[in-house]
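> I am sharing run29.pdb, which consists of PDB, C-alpha atoms:
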```
ATOM      1  CA  MET A   1     139.396-216.043 257.957
ATOM      2  CA  MET A   2     138.939-216.241 254.213
ATOM      3  CA  GLN A   3     135.602-214.383 254.423
ATOM      4  CA  ARG A   4     137.230-211.548 256.409
ATOM      5  CA  TRP A   5     139.979-211.279 253.804
ATOM      6  CA  ARG A   6     137.423-211.080 250.965
ATOM      7  CA  LEU A   7     135.471-208.409 252.835
ATOM      8  CA  TYR A   8     138.652-206.411 253.364
ATOM      9  CA  CYS A   9     139.527-206.631 249.656
ATOM     10  CA  LYS A  10     136.041-205.463 248.606
ATOM     11  CA  ARG A  11     136.198-202.470 250.956
ATOM     12  CA  ALA A  12     139.683-201.560 249.755
ATOM     13  CA  LEU A  13     138.593-201.797 246.113
ATOM     14  CA  LEU A  14     135.468-199.691 246.756
ATOM     15  CA  GLY A  15     137.525-197.079 248.548
ATOM     16  CA  GLY A  16     139.958-196.918 245.647
ATOM     17  CA  VAL A  17     137.127-196.403 243.133
ATOM     18  CA  ILE A  18     135.601-193.607 245.225
ATOM     19  CA  SER A  19     138.981-191.903 245.496
ATOM     20  CA  LEU A  20     139.483-192.194 241.731
ATOM     21  CA  VAL A  21     136.072-190.685 240.908
ATOM     22  CA  ALA A  22     136.577-187.865 243.413
ATOM     23  CA  GLY A  23     139.916-187.042 241.848
ATOM     24  CA  CYS A  24     138.625-186.793 238.262
ATOM     25  CA  SER A  25     138.726-182.980 238.216
ATOM     26  CA  VAL A  26     141.235-183.134 235.357
ATOM     27  CA  PHE A  27     138.422-183.626 232.831
ATOM     28  CA  PRO A  28     137.599-180.392 230.949
ATOM     29  CA  LYS A  29     134.424-178.608 231.992
ATOM     30  CA  PRO A  30     132.004-177.520 229.240
ATOM     31  CA  ASP A  31     132.156-173.854 228.289
ATOM     32  CA  PRO A  32     129.215-171.781 229.567
ATOM     33  CA  GLN A  33     126.729-171.005 226.785
ATOM     34  CA  ALA A  34     124.924-167.661 226.666
ATOM     35  CA  ARG A  35     121.384-168.103 225.324
ATOM     36  CA  TYR A  36     119.421-165.405 223.520
ATOM     37  CA  THR A  37     115.968-164.842 222.139
ATOM     38  CA  PHE A  38     114.504-162.119 219.950
ATOM     39  CA  PRO A  39     114.033-158.672 221.488
ATOM     40  CA  PRO A  40     110.408-157.483 221.833
ATOM     41  CA  THR A  41     108.637-156.963 218.516
ATOM     42  CA  THR A  42     108.125-153.425 217.223
ATOM     43  CA  ILE A  43     105.496-154.196 214.573
ATOM     44  CA  GLN A  44     102.712-151.679 214.101
ATOM     45  CA  ALA A  45     100.176-152.354 211.376
ATOM     46  CA  GLU A  46      96.490-151.657 210.902
ATOM     47  CA  VAL A  47      94.913-154.489 208.952
ATOM     48  CA  PRO A  48      91.363-155.865 208.866
ATOM     49  CA  THR A  49      90.815-158.970 210.962
ATOM     50  CA  GLN A  50      90.044-161.958 208.761
ATOM     51  CA  PRO A  51      87.417-164.496 209.841
ATOM     52  CA  GLY A  52      88.423-167.963 210.964
ATOM     53  CA  VAL A  53      91.572-169.536 212.401
ATOM     54  CA  LEU A  54      95.071-169.458 210.916
ATOM     55  CA  PHE A  55      97.365-172.320 211.931
ATOM     56  CA  VAL A  56     101.083-171.433 211.833
ATOM     57  CA  GLY A  57     103.138-174.586 211.448
ATOM     58  CA  VAL A  58     106.704-175.057 212.642
ATOM     59  CA  PRO A  59     108.942-174.042 209.717
ATOM     60  CA  GLN A  60     110.981-176.693 207.947
ATOM     61  CA  ALA A  61     114.739-176.224 207.467
ATOM     62  CA  ASN A  62     117.944-178.141 206.840
ATOM     63  CA  ARG A  63     119.744-179.769 209.764
ATOM     64  CA  LEU A  64     122.171-176.892 210.282
ATOM     65  CA  ILE A  65     119.510-174.186 210.398
ATOM     66  CA  SER A  66     117.305-176.413 212.570
ATOM     67  CA  SER A  67     119.865-176.151 215.369
ATOM     68  CA  ASN A  68     120.115-173.336 217.926
ATOM     69  CA  LEU A  69     123.484-172.077 216.671
ATOM     70  CA  PHE A  70     124.227-168.485 215.688
ATOM     71  CA  LEU A  71     125.416-169.065 212.118
ATOM     72  CA  ILE A  72     127.905-166.819 210.330
ATOM     73  CA  GLN A  73     128.830-167.004 206.654
ATOM     74  CA  THR A  74     132.092-165.395 205.610
ATOM     75  CA  GLU A  75     132.824-163.679 202.305
ATOM     76  CA  GLU A  76     134.473-166.928 201.165
ATOM     77  CA  GLY A  77     131.286-168.895 201.851
ATOM     78  CA  GLU A  78     132.539-170.663 204.986
ATOM     79  CA  ILE A  79     129.850-171.173 207.626
ATOM     80  CA  LYS A  80     130.852-170.816 211.272
ATOM     81  CA  ALA A  81     129.095-170.344 214.608
ATOM     82  CA  TYR A  82     129.434-167.740 217.350
ATOM     83  CA  LYS A  83     131.463-169.402 220.102
ATOM     84  CA  GLY A  84     129.690-169.781 223.443
ATOM     85  CA  THR A  85     126.426-168.352 222.079
ATOM     86  CA  LEU A  86     123.134-170.118 221.360
ATOM     87  CA  TRP A  87     119.536-169.249 220.648
ATOM     88  CA  ALA A  88     117.182-170.098 223.511
ATOM     89  CA  ASP A  89     115.491-172.655 221.232
ATOM     90  CA  ASN A  90     116.066-174.082 217.777
ATOM     91  CA  THR A  91     115.633-171.676 214.861
ATOM     92  CA  PRO A  92     112.304-173.040 213.495
ATOM     93  CA  ALA A  93     110.736-172.793 216.963
ATOM     94  CA  ILE A  94     111.751-169.176 217.575
ATOM     95  CA  VAL A  95     110.724-168.127 214.049
ATOM     96  CA  ARG A  96     107.279-169.712 214.496
ATOM     97  CA  GLU A  97     106.891-168.020 217.882
ATOM     98  CA  ARG A  98     107.849-164.668 216.341
ATOM     99  CA  LEU A  99     105.267-165.045 213.574
ATOM    100  CA  VAL A 100     102.508-166.152 215.942
ATOM    101  CA  ASN A 101     103.151-163.170 218.208
ATOM    102  CA  ALA A 102     103.213-160.719 215.292
ATOM    103  CA  PHE A 103      99.993-162.069 213.754
ATOM    104  CA  THR A 104      98.281-162.040 217.143
ATOM    105  CA  ASP A 105      99.396-158.484 217.941
ATOM    106  CA  VAL A 106      97.834-157.067 214.759
ATOM    107  CA  GLN A 107      94.764-159.360 215.019
ATOM    108  CA  LEU A 108      95.369-160.767 211.547
ATOM    109  CA  PHE A 109      92.726-163.492 212.016
ATOM    110  CA  GLU A 110      90.025-164.074 214.591
ATOM    111  CA  ALA A 111      92.431-166.596 216.109
ATOM    112  CA  ILE A 112      96.043-167.642 215.513
ATOM    113  CA  SER A 113      96.834-171.255 216.385
ATOM    114  CA  ALA A 114     100.124-173.059 216.978
ATOM    115  CA  ASP A 115      98.413-176.353 217.851
ATOM    116  CA  ALA A 116      98.025-178.809 214.962
ATOM    117  CA  VAL A 117      95.312-180.703 216.868
ATOM    118  CA  LEU A 118      92.918-177.750 216.768
ATOM    119  CA  ARG A 119      90.794-177.081 213.709
ATOM    120  CA  SER A 120      91.836-174.231 211.440
ATOM    121  CA  ASN A 121      90.597-172.645 208.236
ATOM    122  CA  GLN A 122      93.995-171.906 206.722
ATOM    123  CA  THR A 123      97.567-173.064 207.345
ATOM    124  CA  LEU A 124     100.803-171.165 206.885
ATOM    125  CA  ASP A 125     103.617-173.532 205.916
ATOM    126  CA  THR A 126     107.146-172.153 205.682
ATOM    127  CA  TYR A 127     110.643-173.345 204.838
ATOM    128  CA  ILE A 128     113.660-171.421 206.176
ATOM    129  CA  GLN A 129     116.324-171.197 203.490
ATOM    130  CA  SER A 130     118.689-168.890 205.365
ATOM    131  CA  PHE A 131     118.942-167.555 208.895
ATOM    132  CA  GLN A 132     122.434-166.235 209.426
ATOM    133  CA  VAL A 133     124.894-163.385 209.654
ATOM    134  CA  GLN A 134     126.685-162.565 206.422
ATOM    135  CA  LEU A 135     130.126-160.955 206.702
ATOM    136  CA  ASP A 136     131.385-158.834 203.812
ATOM    137  CA  GLN A 137     135.048-158.362 202.906
ATOM    138  CA  ASN A 138     135.356-155.625 205.534
ATOM    139  CA  GLY A 139     133.862-157.792 208.273
ATOM    140  CA  GLN A 140     130.569-155.863 208.295
ATOM    141  CA  PRO A 141     127.790-158.155 209.621
ATOM    142  CA  THR A 142     124.391-158.295 207.935
ATOM    143  CA  VAL A 143     121.568-160.507 209.153
ATOM    144  CA  GLN A 144     119.878-162.451 206.369
ATOM    145  CA  ILE A 145     116.578-164.298 206.702
ATOM    146  CA  GLN A 146     114.930-166.022 203.754
ATOM    147  CA  ILE A 147     111.842-168.230 203.825
ATOM    148  CA  ASN A 148     109.456-169.836 201.348
ATOM    149  CA  ALA A 149     105.822-169.488 202.411
ATOM    150  CA  LYS A 150     102.674-171.324 201.359
ATOM    151  CA  LEU A 151      99.127-170.520 202.416
ATOM    152  CA  VAL A 152      97.116-173.738 202.419
ATOM    153  CA  ASP A 153      93.382-174.354 202.672
ATOM    154  CA  SER A 154      93.137-176.655 205.684
ATOM    155  CA  ALA A 155      90.029-178.486 204.488
ATOM    156  CA  SER A 156      91.181-179.330 200.957
ATOM    157  CA  SER A 157      94.975-179.183 201.539
ATOM    158  CA  SER A 158      95.211-177.087 198.370
ATOM    159  CA  ILE A 159      97.769-174.283 198.063
ATOM    160  CA  LEU A 160      96.076-170.903 197.879
ATOM    161  CA  LYS A 161      99.266-168.949 197.157
ATOM    162  CA  ALA A 162     103.007-169.145 197.623
ATOM    163  CA  LYS A 163     105.894-166.671 197.746
ATOM    164  CA  ARG A 164     109.555-166.324 198.778
ATOM    165  CA  PHE A 165     110.397-163.676 201.382
ATOM    166  CA  TYR A 166     113.797-162.141 202.018
ATOM    167  CA  SER A 167     114.764-159.745 204.791
ATOM    168  CA  THR A 168     118.138-158.202 205.681
ATOM    169  CA  GLN A 169     119.365-155.911 208.441
ATOM    170  CA  VAL A 170     122.855-154.497 208.910
ATOM    171  CA  ALA A 171     124.119-154.939 212.484
ATOM    172  CA  ALA A 172     125.911-152.059 214.187
ATOM    173  CA  SER A 173     128.855-154.328 215.006
ATOM    174  CA  THR A 174     129.816-157.971 215.450
ATOM    175  CA  ASP A 175     128.964-157.700 219.160
ATOM    176  CA  ILE A 176     126.361-160.326 219.961
ATOM    177  CA  GLN A 177     123.942-157.757 221.408
ATOM    178  CA  ASP A 178     123.979-155.804 218.138
ATOM    179  CA  VAL A 179     123.560-159.005 216.133
ATOM    180  CA  VAL A 180     120.546-160.118 218.201
ATOM    181  CA  LYS A 181     118.982-156.675 217.730
ATOM    182  CA  ALA A 182     119.503-156.945 213.970
ATOM    183  CA  PHE A 183     117.875-160.403 213.955
ATOM    184  CA  GLY A 184     114.874-158.911 215.744
ATOM    185  CA  GLN A 185     114.555-156.079 213.206
ATOM    186  CA  ALA A 186     114.935-158.431 210.239
ATOM    187  CA  SER A 187     112.321-160.817 211.634
ATOM    188  CA  ASP A 188     109.922-157.927 212.256
ATOM    189  CA  GLN A 189     110.229-156.840 208.620
ATOM    190  CA  LEU A 190     109.665-160.417 207.510
ATOM    191  CA  SER A 191     106.575-160.697 209.718
ATOM    192  CA  LEU A 192     105.216-157.408 208.335
ATOM    193  CA  ASP A 193     105.730-158.568 204.749
ATOM    194  CA  LEU A 194     103.857-161.780 205.549
ATOM    195  CA  ILE A 195     101.036-159.846 207.225
ATOM    196  CA  HIS A 196     100.454-157.778 204.070
ATOM    197  CA  TRP A 197     100.797-160.848 201.846
ATOM    198  CA  LEU A 198      98.204-162.770 203.872
ATOM    199  CA  GLN A 199      95.572-160.121 203.218
ATOM    200  CA  PRO A 200      92.766-161.381 200.961
ATOM    201  CA  SER A 201      93.118-160.385 197.308
TER     202      SER A 201
END
```
Can the structure in the file be given as structure tokens, please?

Amino acid sequence: MMQRWRLYCKRALLGGVISLVAGCSVFPKPDPQARYTFPPTTIQAEVPTQPGVLFVGVPQANRLISSNLFLIQTEEGEIKAYKGTLWADNTPAIVRERLVNAFTDVQLFEAISADAVLRSNQTLDTYIQSFQVQLDQNGQPTVQIQINAKLVDSASSSILKAKRFYSTQVAASTDIQDVVKAFGQASDQLSLDLIHWLQPS
């Protein structure tokens, strides 16, 4: 008799737990996040193909820029993020992919590598200092991208040259589609500047 009573209590308790879990619809659901990537590149450049392999490393950045947030800086210096909007990957990853594609399209080197395991002749190391939308006092959005670049000899690990690059592009509006387009244009200009800089002296 006691065993039947214990079995009944266990079943009743299990049924109550199942009912409680099934009724937990009061918890807030996460907001849907729209994810974006750069539009197709529009770079056109005729440059001589350099011998060897160029390795493009993943750019370094601070923790905020290393996220996949769309960052906005107001006129007062406050940094915010576009609500419900994310990049398809973190910022360093999409910047590296953009550079690799641009260098490959113009055949900058005999081969462009994104794999650190493979041997390379030269390495492009970069640090992203800014990757954001800047709003002026009238609310006009301007995309700003700034990176520090170093070209390194892979064999000796010596720096061949270094330079800071800065690219801006005014967006047509604060609409996310216009902002993404402006990011694409700014990144294309940055890639083109790097392509010319990477030419042998």
> Specify as an MDAnalysis selection string each residue included when the PyMOL selection byres ((chain A and resi 177-192) around 8) is applied to this file.
chainID A and resid 36:43 45 95 98:99 102:103 133 141:145 165:176 193:196
> As an exercise, work out the distance from CA of Pro92 in chain A to CA of Gln132 in chain A in Å and give it to one decimal place.
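That distance, rounded to one decimal, is 12.9 Å.
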> CA of Gln50 in chain A to CA of Ile159 in chain A: how many Å, to one decimal?
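CA of Gln50 in chain A sits 18.1 Å away from CA of Ile159 in chain A.
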> Which residues are close to Pro48 in chain A, i.e. within 12 Å by only C-alpha atoms, leaving aside same-chain residues fewer than 4 positions away? Reply as number ranges by chain.
A: 103, 106-110, 195-196, 198-200
> Tell me, in Å to one decimal, how far CA of Asn62 in chain A is from CA of Lys150 in chain A.
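According to the coordinates, CA of Asn62 in chain A and CA of Lys150 in chain A are separated by 17.6 Å.
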> List, as an NGL selection string, every residue that the PyMOL selection byres ((chain A and resi 129) around 6) selects in the file provided.
:A and (128 or 130 or 146-147)
> Would you mind telling me which residue in A:Leu118, A:Leu135, A:Leu124, A:Ala111 lies nearest to Ser157 in chain A when using all atoms listed in the file?
A:Leu124
